[in-house]
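Source file: structure-v7.txt; contents: compact mmCIF, C-alpha atoms.
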```txt
# COMPACT_ATOMS: atom_id res chain seq x y z
CA MET A 1338 71.79 107.81 79.29
CA GLY A 1339 73.50 104.44 79.20
CA TYR A 1340 76.10 105.55 81.74
CA LEU A 1341 73.40 106.71 84.16
CA LEU A 1342 71.51 103.43 83.80
CA GLN A 1343 74.72 101.50 84.48
CA GLN A 1344 75.36 103.50 87.65
CA LEU A 1345 71.82 102.88 88.84
CA ALA A 1346 72.31 99.18 88.15
CA ASN A 1347 75.61 99.24 90.06
CA ALA A 1348 73.82 100.86 93.00
CA VAL A 1349 71.29 98.04 93.38
CA PRO A 1350 73.70 95.43 94.89
CA LEU A 1351 75.25 98.04 97.20
CA ALA A 1352 71.80 99.28 98.27
CA ALA A 1353 70.73 95.69 99.00
CA LEU A 1354 73.85 95.15 101.12
CA TYR A 1355 73.35 98.36 103.09
CA ALA A 1356 69.64 97.59 103.56
CA ALA A 1357 70.32 94.09 104.89
CA LEU A 1358 73.05 95.33 107.24
CA ALA A 1359 70.81 98.12 108.53
CA PHE A 1360 67.93 95.68 109.07
CA GLY A 1361 70.10 93.42 111.21
CA TYR A 1362 71.62 96.33 113.10
CA ALA A 1363 68.16 97.66 113.97
CA LEU A 1364 67.27 94.27 115.47
CA ALA A 1365 70.18 94.51 117.90
CA PHE A 1366 69.79 98.24 118.55
CA GLY A 1367 66.17 97.69 119.55
CA VAL A 1368 67.26 95.74 122.62
CA THR A 1369 70.56 97.50 123.44
CA LYS A 1370 69.51 101.13 122.74
CA ARG A 1371 73.19 101.98 122.36
CA ALA A 1372 75.59 102.40 119.44
CA ASP A 1373 77.28 99.05 118.85
CA ILE A 1374 80.10 98.72 116.33
CA THR A 1375 80.57 95.00 117.05
CA TYR A 1376 77.89 94.35 114.43
CA GLY A 1377 80.26 95.49 111.69
CA ALA A 1378 83.03 93.45 113.30
CA VAL A 1379 80.92 90.28 113.07
CA PHE A 1380 80.24 91.12 109.41
CA ALA A 1381 83.97 91.35 108.65
CA PHE A 1382 84.83 88.38 110.90
CA ALA A 1383 82.40 86.19 108.93
CA GLY A 1384 84.13 87.03 105.67
CA GLN A 1385 87.59 86.44 107.13
CA ILE A 1386 86.65 83.04 108.57
CA LEU A 1387 85.14 82.11 105.20
CA LEU A 1388 88.44 82.95 103.49
CA LEU A 1389 90.51 81.11 106.08
CA PHE A 1390 88.63 77.80 105.87
CA THR A 1391 88.11 77.99 102.11
CA ASP A 1392 91.87 78.38 101.71
CA LEU A 1393 92.43 75.46 104.08
CA ALA A 1394 89.98 73.21 102.20
CA TYR A 1395 91.22 74.15 98.74
CA ASN A 1396 94.99 74.20 99.26
CA ARG A 1397 95.47 71.61 102.01
CA LEU A 1398 92.50 69.26 101.83
CA TRP A 1399 92.45 69.41 98.00
CA LEU A 1400 88.70 69.90 97.75
CA VAL A 1401 87.11 71.34 94.64
CA LEU A 1402 86.13 75.01 94.78
CA PRO A 1403 82.36 74.53 95.42
CA ALA A 1404 83.08 72.12 98.29
CA SER A 1405 85.73 74.49 99.68
CA LEU A 1406 83.31 77.41 99.57
CA ALA A 1407 80.63 75.31 101.27
CA LEU A 1408 83.00 74.29 104.06
CA GLY A 1409 84.12 77.89 104.47
CA ALA A 1410 80.51 79.09 104.68
CA VAL A 1411 79.59 76.45 107.27
CA MET A 1412 82.58 77.32 109.45
CA SER A 1413 81.87 81.02 109.00
CA PHE A 1414 78.34 80.55 110.32
CA THR A 1415 79.63 78.40 113.18
CA TYR A 1416 82.29 80.84 114.36
CA SER A 1417 80.37 84.05 113.70
CA LEU A 1418 77.12 82.94 115.33
CA GLY A 1419 79.12 81.55 118.23
CA ALA A 1420 80.87 84.90 118.57
CA GLY A 1421 77.53 86.74 118.33
CA PHE A 1422 76.00 84.51 121.02
CA TRP A 1423 78.99 85.04 123.32
CA ILE A 1424 79.03 88.81 122.79
CA GLY A 1425 75.31 89.10 123.42
CA ARG A 1426 75.21 86.88 126.51
CA SER A 1427 78.53 87.67 128.20
CA VAL A 1428 79.24 91.27 127.19
CA MET A 1429 76.25 93.27 125.99
CA GLN A 1430 73.45 91.90 128.12
CA PRO A 1431 75.20 92.43 131.49
CA LEU A 1432 76.39 95.90 130.47
CA VAL A 1433 72.98 97.05 129.21
CA ARG A 1434 71.48 96.12 132.58
CA ARG A 1435 74.17 97.57 134.84
CA SER A 1436 76.05 100.29 132.93
CA PRO A 1437 74.52 100.97 129.50
CA ASN A 1438 76.91 103.75 128.49
CA THR A 1439 79.90 101.39 128.70
CA VAL A 1440 78.46 99.40 125.79
CA ILE A 1441 80.23 101.74 123.35
CA VAL A 1442 83.62 101.16 125.00
CA ALA A 1443 83.10 97.41 125.26
CA ALA A 1444 82.05 97.31 121.59
CA LEU A 1445 85.39 98.82 120.58
CA GLY A 1446 87.25 96.22 122.64
CA VAL A 1447 85.28 93.33 121.13
CA THR A 1448 85.83 94.73 117.63
CA ILE A 1449 89.60 94.79 118.16
CA LEU A 1450 89.46 91.25 119.57
CA LEU A 1451 87.65 89.87 116.51
CA MET A 1452 89.90 91.76 114.09
CA GLU A 1453 93.09 90.53 115.74
CA THR A 1454 91.80 86.96 116.06
CA ALA A 1455 91.16 86.79 112.31
CA ARG A 1456 94.51 88.45 111.52
CA LEU A 1457 96.53 86.10 113.70
CA ALA A 1458 94.67 83.03 112.44
CA SER A 1459 95.58 84.05 108.87
CA ASP A 1460 99.19 84.91 109.74
CA THR A 1461 98.46 88.44 108.51
CA ARG A 1462 98.02 87.11 104.95
CA GLU A 1463 95.54 88.68 102.57
CA LEU A 1464 93.58 85.72 101.23
CA TRP A 1465 91.64 85.90 97.95
CA LEU A 1466 88.95 83.75 96.38
CA SER A 1467 89.04 82.66 92.78
CA PRO A 1468 86.42 84.61 90.78
CA PHE A 1469 83.19 82.74 90.07
CA LEU A 1470 79.74 83.53 88.66
CA ASN A 1471 81.25 86.60 87.03
CA ARG A 1472 79.56 86.30 83.64
CA THR A 1473 77.45 89.32 82.78
CA VAL A 1474 73.74 89.71 82.13
CA VAL A 1475 72.83 92.48 79.68
CA PHE A 1476 69.76 94.52 80.70
CA TRP A 1477 69.92 97.24 78.05
CA SER A 1478 72.16 98.06 75.14
CA ASP A 1479 72.55 100.36 72.19
CA ALA A 1480 75.18 100.63 69.52
CA SER A 1481 77.92 101.80 71.90
CA PHE A 1482 76.96 100.92 75.49
CA LYS A 1483 75.63 97.96 77.48
CA VAL A 1484 74.06 98.01 80.95
CA THR A 1485 75.16 94.84 82.73
CA LEU A 1486 75.43 93.10 86.07
CA THR A 1487 77.17 89.84 86.92
CA TYR A 1488 75.46 86.68 88.11
CA ILE A 1489 77.03 86.99 91.56
CA GLN A 1490 75.68 90.55 91.90
CA LEU A 1491 72.18 89.41 90.99
CA ILE A 1492 72.29 86.39 93.31
CA ASN A 1493 73.61 88.47 96.21
CA THR A 1494 70.95 91.12 95.67
CA GLY A 1495 68.18 88.53 95.55
CA LEU A 1496 69.38 86.74 98.69
CA MET A 1497 69.77 89.96 100.68
CA CYS A 1498 66.33 91.20 99.63
CA ALA A 1499 64.87 87.80 100.56
CA LEU A 1500 66.59 88.04 103.95
CA ILE A 1501 64.96 91.42 104.59
CA ALA A 1502 61.56 90.20 103.38
CA VAL A 1503 61.61 87.10 105.57
CA GLY A 1504 62.83 89.12 108.56
CA GLY A 1505 60.08 91.69 108.02
CA LEU A 1506 57.43 88.94 107.90
CA VAL A 1507 58.78 87.43 111.12
CA LEU A 1508 58.61 90.79 112.88
CA ARG A 1509 55.14 91.66 111.58
CA ARG A 1510 53.37 88.27 111.56
CA THR A 1511 54.81 86.09 114.32
CA ALA A 1512 54.61 85.99 118.10
CA TRP A 1513 58.36 86.54 118.37
CA GLY A 1514 58.02 89.78 116.43
CA ARG A 1515 55.39 90.99 118.87
CA VAL A 1516 57.49 90.18 121.93
CA TRP A 1517 60.53 91.82 120.28
CA ARG A 1518 58.53 95.02 119.85
CA ALA A 1519 57.30 94.76 123.44
CA VAL A 1520 60.83 94.40 124.79
CA THR A 1521 62.16 97.24 122.63
CA ASP A 1522 59.37 99.52 123.91
CA ASP A 1523 59.67 98.64 127.61
CA PRO A 1524 61.51 95.51 128.80
CA PHE A 1525 60.26 95.88 132.39
CA ALA A 1526 56.62 96.08 131.31
CA ALA A 1527 57.19 93.08 129.04
CA GLU A 1528 58.55 91.15 132.02
CA LEU A 1529 55.39 91.97 133.98
CA CYS A 1530 53.37 90.47 131.11
CA GLY A 1531 55.29 87.20 131.28
CA VAL A 1532 57.82 87.86 128.51
CA SER A 1533 61.44 86.88 129.12
CA SER A 1534 63.29 90.02 128.11
CA THR A 1535 66.59 88.18 128.64
CA GLY A 1536 65.66 85.52 126.11
CA VAL A 1537 64.37 88.08 123.60
CA PHE A 1538 67.56 90.15 123.99
CA LEU A 1539 69.77 87.17 123.26
CA ALA A 1540 67.60 85.96 120.37
CA ALA A 1541 67.61 89.44 118.79
CA TYR A 1542 71.38 89.71 119.12
CA VAL A 1543 71.95 86.28 117.56
CA ALA A 1544 69.46 87.13 114.77
CA ALA A 1545 71.44 90.32 114.08
CA ALA A 1546 74.67 88.29 114.03
CA PHE A 1547 73.02 85.88 111.57
CA VAL A 1548 72.17 88.74 109.20
CA ALA A 1549 75.69 90.17 109.52
CA THR A 1550 77.17 86.73 108.81
CA CYS A 1551 75.04 86.24 105.70
CA CYS A 1552 76.05 89.67 104.42
CA GLY A 1553 79.73 89.04 105.24
CA ILE A 1554 79.75 85.75 103.35
CA LEU A 1555 77.93 87.11 100.30
CA THR A 1556 80.09 90.24 100.19
CA THR A 1557 83.28 88.18 100.35
CA PHE A 1558 81.97 85.92 97.57
CA TYR A 1559 81.60 89.02 95.39
CA TYR A 1560 84.71 91.04 96.25
CA GLY A 1561 86.94 88.00 96.81
CA SER A 1562 88.54 89.24 100.03
CA MET A 1563 87.86 90.95 103.36
CA ASP A 1564 90.34 93.39 104.86
CA PHE A 1565 91.39 93.01 108.50
CA GLY A 1566 90.43 96.61 109.25
CA ALA A 1567 86.99 96.26 107.70
CA GLY A 1568 85.41 95.44 111.08
CA LEU A 1569 85.96 98.91 112.51
CA LEU A 1570 85.17 100.65 109.21
CA PHE A 1571 81.91 98.81 108.64
CA GLY A 1572 80.99 99.06 112.32
CA LEU A 1573 81.04 102.84 112.07
CA LYS A 1574 79.52 102.91 108.61
CA VAL A 1575 76.57 100.63 109.46
CA LEU A 1576 75.90 102.64 112.59
CA MET A 1577 75.50 105.75 110.42
CA ILE A 1578 73.65 104.32 107.43
CA ALA A 1579 71.15 102.52 109.66
CA ALA A 1580 70.25 105.87 111.20
CA ALA A 1581 69.06 107.19 107.82
CA GLY A 1582 65.73 105.39 108.20
CA GLY A 1583 65.62 105.45 111.99
CA TYR A 1584 66.41 102.67 114.42
CA SER A 1585 62.85 102.09 115.65
CA ASP A 1586 61.68 100.00 112.68
CA PRO A 1587 64.13 97.60 110.94
CA LEU A 1588 62.27 97.88 107.62
CA LYS A 1589 62.42 101.68 107.66
CA SER A 1590 66.07 101.48 108.63
CA ALA A 1591 66.68 99.18 105.66
CA GLY A 1592 64.88 101.57 103.32
CA GLY A 1593 66.93 104.55 104.47
CA ALA A 1594 70.17 102.59 104.13
CA ALA A 1595 69.23 101.57 100.58
CA GLY A 1596 68.82 105.23 99.71
CA ILE A 1597 72.32 105.90 101.04
CA GLY A 1598 73.63 103.12 98.79
CA PHE A 1599 72.19 104.83 95.73
CA ALA A 1600 73.50 108.23 96.83
CA GLU A 1601 77.00 106.84 97.43
CA THR A 1602 77.12 105.15 94.02
CA LEU A 1603 75.92 108.22 92.15
CA TRP A 1604 78.43 110.44 93.95
CA THR A 1605 81.21 107.99 93.01
CA ALA A 1606 80.09 108.18 89.38
CA TYR A 1607 79.69 111.96 89.08
CA GLY A 1608 81.59 113.55 91.99
CA PRO A 1609 85.19 113.55 93.28
CA PHE A 1610 85.92 110.12 94.72
CA LEU A 1611 88.12 111.46 97.53
CA TRP A 1612 85.20 113.49 98.89
CA ARG A 1613 82.70 110.62 98.78
CA ASP A 1614 82.86 109.44 102.41
CA PHE A 1615 83.03 113.00 103.71
CA VAL A 1616 79.93 114.03 101.78
CA ILE A 1617 77.95 110.89 102.65
CA PHE A 1618 78.76 111.08 106.36
CA SER A 1619 78.02 114.81 106.41
CA LEU A 1620 74.64 114.08 104.82
CA LEU A 1621 73.92 111.43 107.44
CA VAL A 1622 74.86 113.77 110.28
CA PHE A 1623 72.63 116.45 108.76
CA LEU A 1624 69.72 114.00 108.57
CA LEU A 1625 70.30 112.93 112.17
CA VAL A 1626 70.23 116.53 113.35
CA LEU A 1627 67.01 117.23 111.44
CA SER A 1628 65.30 114.11 112.79
CA ARG A 1629 66.62 114.44 116.34
CA ARG A 1630 64.04 114.01 119.07
CA GLU A 1631 64.52 115.04 122.66
CA ARG A 1632 64.11 111.85 124.63
CA ALA A 1633 65.55 110.69 127.91
CA ILE A 1634 67.73 107.62 127.47
CA PRO A 1635 67.47 105.32 130.47
```
In structure tokens, write the structure found in this file.
Amino acid sequence: MGYLLQQLANAVPLAALYAALAFGYALAFGVTKRADITYGAVFAFAGQILLLFTDLAYNRLWLVLPASLALGAVMSFTYSLGAGFWIGRSVMQPLVRRSPNTVIVAALGVTILLMETARLASDTRELWLSPFLNRTVVFWSDASFKVTLTYIQLINTGLMCALIAVGGLVLRRTAWGRVWRAVTDDPFAAELCGVSSTGVFLAAYVAAAFVATCCGILTTFYYGSMDFGAGLLFGLKVLMIAAAGGYSDPLKSAGGAAGIGFAETLWTAYGPFLWRDFVIFSLLVFLLVLSRRERAIP
């Protein structure tokens, strides 16, 4: 019983991460209507820039660890949001208007560009953060077993859930949420009603990059590092997990992705680890086939 409770507790931070990533991805997908793996690349890029500038501040500027982490986070937001703005304005928006199917190819090129930029800036060094906030909180215990999570896991989970909640309120309660839904339904009709679909497209893409950056920073805080190949891996993974709840509603997409987080953790605990990704991706493909709707893509 204790082991099962511990696995469920371990699944909560992963489910929160997947839910937040899926929420942000659905924001961008709503305006592009095409698979876009650059979202995962921005996620990984944010973590790599955080590591690079934290290392610079700590080892060369001799700042204390909290100040180094703060500087790294600020520079991560600066570079990642700048990259998201450039990708949205100069790459995705022109392609969606003129040749939508080339978005997938362009996304792969941008992903490689971000991965290689981070690798070259770090001189191909794997940088690691010193562990922090790693004391445990006990939720349940008996004579032989304790169910615990660390402070950093709890903080990350709370911040990611808050990010989803605030984003959901913005989409449901504000004027921008209404115009975002209008543009995702029919950008031309929205233009006829006086809505700037260009501005909404760019704002949605930057908002998605903001969510990916927050998740990249928090994930790197927890794991301590971010691999150079994580951009492509997470780009493909987010694309699949976001589909579990459907792309039409970011909150539903987040809910489906959270379920995948629990399923992945439980399989890791009780099933063969080497088969985990194969089983999870097969399940996602099966769900996509069952929920497939015949619809013409413009």
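We find CA of Val1411 in chain A and CA of Phe1547 in chain A to be spaced 12.3 Å apart.
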Using all atoms listed in the file, which protein or nucleic acid residues come within 12 Å of Leu1620 in chain A? Drop anything in the same chain fewer than 2 positions from it, and give the result as number ranges by chain. A: 1577-1578, 1580-1581, 1596-1597, 1600-1601, 1613-1618, 1622-1627
Select, from A:Ile1554, A:Arg1515, A:Phe1565, A:Leu1486, the residue with the minimum atom-to-atom distance to Thr1461 in chain A, counting all atoms listed in the file.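 The answer is A:Phe1565, which sits nearest to Thr1461 in chain A.
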Can you tell me, as a PDB file with C-alpha atoms, in the frame of the given file, which residues sit within 8 Å of (84.1, 93.2, 113.6) in the file's frame, using only C-alpha atoms?
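Generated file (out30.pdb):
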```
ATOM      1  CA  ILE A1374      80.100  98.720 116.330  1.00  0.00           C
ATOM      2  CA  THR A1375      80.570  95.000 117.050  1.00  0.00           C
ATOM      3  CA  TYR A1376      77.890  94.350 114.430  1.00  0.00           C
ATOM      4  CA  GLY A1377      80.260  95.490 111.690  1.00  0.00           C
ATOM      5  CA  ALA A1378      83.030  93.450 113.300  1.00  0.00           C
ATOM      6  CA  VAL A1379      80.920  90.280 113.070  1.00  0.00           C
ATOM      7  CA  PHE A1380      80.240  91.120 109.410  1.00  0.00           C
ATOM      8  CA  ALA A1381      83.970  91.350 108.650  1.00  0.00           C
ATOM      9  CA  PHE A1382      84.830  88.380 110.900  1.00  0.00           C
ATOM     10  CA  VAL A1447      85.280  93.330 121.130  1.00  0.00           C
ATOM     11  CA  THR A1448      85.830  94.730 117.630  1.00  0.00           C
ATOM     12  CA  ILE A1449      89.600  94.790 118.160  1.00  0.00           C
ATOM     13  CA  LEU A1451      87.650  89.870 116.510  1.00  0.00           C
ATOM     14  CA  MET A1452      89.900  91.760 114.090  1.00  0.00           C
ATOM     15  CA  ALA A1567      86.990  96.260 107.700  1.00  0.00           C
ATOM     16  CA  GLY A1568      85.410  95.440 111.080  1.00  0.00           C
ATOM     17  CA  LEU A1569      85.960  98.910 112.510  1.00  0.00           C
ATOM     18  CA  PHE A1571      81.910  98.810 108.640  1.00  0.00           C
ATOM     19  CA  GLY A1572      80.990  99.060 112.320  1.00  0.00           C
TER      20      GLY A1572
END
```
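Here CA of Gly1536 in chain A and CA of Ala1502 in chain A stand 23.6 Å from one another.
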To one decimal place in Å, what is the distance between CA of Ala1519 in chain A and CA of Leu1432 in chain A?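 Pair CA of Ala1519 in chain A / CA of Leu1432 in chain A returns 20.4 Å.
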10 Å contact set for Ala1352 in chain A, only C-alpha atoms, chain neighbours under 3 positions out, as a list in words: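 Skipping anything fewer than 3 positions along the chain leaves Asn1347, Ala1348, Val1349, Tyr1355, Ala1356, Ala1357, Leu1358, Thr1494, Met1497, Cys1498, Ala1591, Gly1592, Gly1593, Ala1594, Ala1595, Gly1596, Ile1597, Gly1598, Phe1599, Ala1600, Glu1601 and Thr1602 of chain A.
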Counting only C-alpha atoms, find residues at most 12 Å from (80.8, 82.3, 116.3) (file frame) and give them as JSON, numbers by chain. {"A": [1378, 1379, 1380, 1382, 1383, 1386, 1387, 1411, 1412, 1413, 1414, 1415, 1416, 1417, 1418, 1419, 1420, 1421, 1422, 1423, 1424, 1425, 1451, 1454, 1455, 1543, 1546, 1547, 1549, 1550]}
What's the 10 Å shell around Trp1465 in chain A, counting all atoms listed in the file, without same-chain residues fewer than 6 positions away, as a list of chain:residue names? A:Leu1388, A:Leu1389, A:Thr1391, A:Asp1392, A:Thr1557, A:Phe1558, A:Tyr1560, A:Gly1561, A:Ser1562, A:Met1563
For C-alpha atoms, I'd like the residues from the last selection saved as a short mmCIF file (atom, residue, chain, number, x, y, z; two decimals), in the coordinates of the input.
```cif
data_model
loop_
_atom_site.label_atom_id
_atom_site.label_comp_id
_atom_site.auth_asym_id
_atom_site.auth_seq_id
_atom_site.Cartn_x
_atom_site.Cartn_y
_atom_site.Cartn_z
CA LEU A 1388 88.44 82.95 103.49
CA LEU A 1389 90.51 81.11 106.08
CA THR A 1391 88.11 77.99 102.11
CA ASP A 1392 91.87 78.38 101.71
CA THR A 1557 83.28 88.18 100.35
CA PHE A 1558 81.97 85.92 97.57
CA TYR A 1560 84.71 91.04 96.25
CA GLY A 1561 86.94 88.00 96.81
CA SER A 1562 88.54 89.24 100.03
CA MET A 1563 87.86 90.95 103.36
#
```
Using all atoms listed in the file for the distances, tell me which of A:Val1368, A:Val1575, A:Leu1345, A:Leu1351 is nearest to Val1520 in chain A.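 Under the stated criterion, the closest residue is A:Val1368.
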